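Reading through the structure tokens given below for one structure.
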Amino acid sequence: MPQTVHVYPNNDLIEHDTDGGDCPCGPTSEPVLDADGACGWVITHHSLDGREANEPEVV
């Protein structure tokens, strides 16, 4: 069963829209295929307080 999962920062400067509307952080979307071939989505929201700048990059 395809799902949409939102990943968003806690205690950010704004409330992130995880209900399908436009979020001001400009989230990125990534399709994820399920074992049965159904396509779900991971929506990654970005912080507005800049905390990503201090996180190591994952390769």
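Quick note on naming: the chains in the structure tokens go A, B, ... in the order shown, residues restart at 1 in each chain, and ligands are numbered from 1 in order of appearance.
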Mind checking which residues fall within 8 Å of segment 5-21 of chain A, counting only C-alpha atoms, ignoring those fewer than 5 positions away in the same chain, and posting them as a short mmCIF file (atom, residue, chain, number, x, y, z; two decimals) with all heavy atoms, in the first residue's frame?
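out11.cif was written with the following content:
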```cif
data_model
loop_
_atom_site.label_atom_id
_atom_site.label_comp_id
_atom_site.auth_asym_id
_atom_site.auth_seq_id
_atom_site.Cartn_x
_atom_site.Cartn_y
_atom_site.Cartn_z
N TRP A 41 5.94 7.94 -1.21
CA TRP A 41 6.76 9.14 -1.25
C TRP A 41 7.34 9.46 0.11
O TRP A 41 6.68 9.30 1.13
CB TRP A 41 5.94 10.34 -1.72
CG TRP A 41 5.50 10.18 -3.13
CD1 TRP A 41 4.34 9.61 -3.57
CD2 TRP A 41 6.23 10.54 -4.30
NE1 TRP A 41 4.31 9.61 -4.95
CE2 TRP A 41 5.45 10.18 -5.42
CE3 TRP A 41 7.46 11.16 -4.51
CZ2 TRP A 41 5.87 10.41 -6.72
CZ3 TRP A 41 7.86 11.38 -5.81
CH2 TRP A 41 7.08 11.01 -6.90
N VAL A 42 8.60 9.93 0.12
CA VAL A 42 9.21 10.51 1.31
C VAL A 42 9.38 11.99 1.02
O VAL A 42 10.04 12.37 0.05
CB VAL A 42 10.58 9.87 1.64
CG1 VAL A 42 11.25 10.61 2.79
CG2 VAL A 42 10.41 8.40 1.98
N ILE A 43 8.74 12.83 1.84
CA ILE A 43 8.81 14.27 1.70
C ILE A 43 9.74 14.77 2.80
O ILE A 43 9.45 14.62 3.99
CB ILE A 43 7.43 14.93 1.86
CG1 ILE A 43 6.37 14.22 1.01
CG2 ILE A 43 7.52 16.43 1.57
CD1 ILE A 43 6.58 14.29 -0.47
N THR A 44 10.89 15.35 2.41
CA THR A 44 11.87 15.83 3.38
C THR A 44 11.78 17.34 3.47
O THR A 44 12.05 18.05 2.50
CB THR A 44 13.29 15.39 2.97
OG1 THR A 44 13.32 13.96 2.84
CG2 THR A 44 14.30 15.81 4.02
N HIS A 45 11.40 17.82 4.64
CA HIS A 45 11.29 19.25 4.89
C HIS A 45 12.63 19.78 5.38
O HIS A 45 13.42 19.05 5.99
CB HIS A 45 10.21 19.52 5.96
CG HIS A 45 8.84 19.15 5.50
ND1 HIS A 45 7.94 20.09 5.06
CD2 HIS A 45 8.22 17.95 5.42
CE1 HIS A 45 6.81 19.48 4.72
NE2 HIS A 45 6.96 18.18 4.93
N HIS A 46 12.87 21.06 5.12
CA HIS A 46 14.14 21.70 5.48
C HIS A 46 13.90 22.70 6.60
O HIS A 46 12.87 23.38 6.63
CB HIS A 46 14.73 22.41 4.25
CG HIS A 46 14.81 21.51 3.06
ND1 HIS A 46 15.77 20.52 2.95
CD2 HIS A 46 14.03 21.41 1.97
CE1 HIS A 46 15.58 19.86 1.82
NE2 HIS A 46 14.54 20.38 1.20
N SER A 47 14.86 22.78 7.50
CA SER A 47 14.70 23.71 8.62
C SER A 47 14.89 25.14 8.14
O SER A 47 15.61 25.40 7.18
CB SER A 47 15.71 23.39 9.71
OG SER A 47 17.01 23.75 9.30
N LEU A 48 14.24 26.05 8.82
CA LEU A 48 14.44 27.47 8.52
C LEU A 48 15.43 28.10 9.49
O LEU A 48 15.78 29.26 9.35
CB LEU A 48 13.11 28.22 8.54
CG LEU A 48 12.14 27.81 7.44
CD1 LEU A 48 10.91 28.70 7.46
CD2 LEU A 48 12.78 27.87 6.08
N ASP A 49 15.90 27.33 10.48
CA ASP A 49 16.89 27.86 11.41
C ASP A 49 18.32 27.48 11.00
O ASP A 49 19.27 27.81 11.68
CB ASP A 49 16.60 27.43 12.85
CG ASP A 49 16.62 25.93 13.06
OD1 ASP A 49 17.07 25.19 12.16
OD2 ASP A 49 16.19 25.48 14.14
#
```
Two-atom distance - atom CA of Leu33 of chain A, atom CA of Thr4 of chain A (Å):
11.4 Å
What parts of segment 25-54 of chain A does DSSP call strand (DSSP E or B)? I'd like the answer as a list in words.
Thr28, Ser29, Glu30, Pro31, Val32, Leu33, Cys39, Gly40, Trp41, Val42, Ile43 and Thr44 of chain A
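Residues surrounding Gly40 of chain A within 6 Å are Pro2, Gln3, Thr4, Pro31 and Val32 of chain A [only C-alpha atoms; sequence separation below 3 positions excluded].
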Please report, as an MDAnalysis selection string, each residue of chain A to which DSSP assigns helix (DSSP H, G or I) when run on this structure's backbone.
chainID A and resid 51:54
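Relative to atom CA of Glu30 of chain A, atom CA of Glu57 of chain A is found at 17.7 Å.
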Suppose you want the space between atom CA of Val58 of chain A and atom CA of Gly37 of chain A; what is it in Å?
26.6 Å
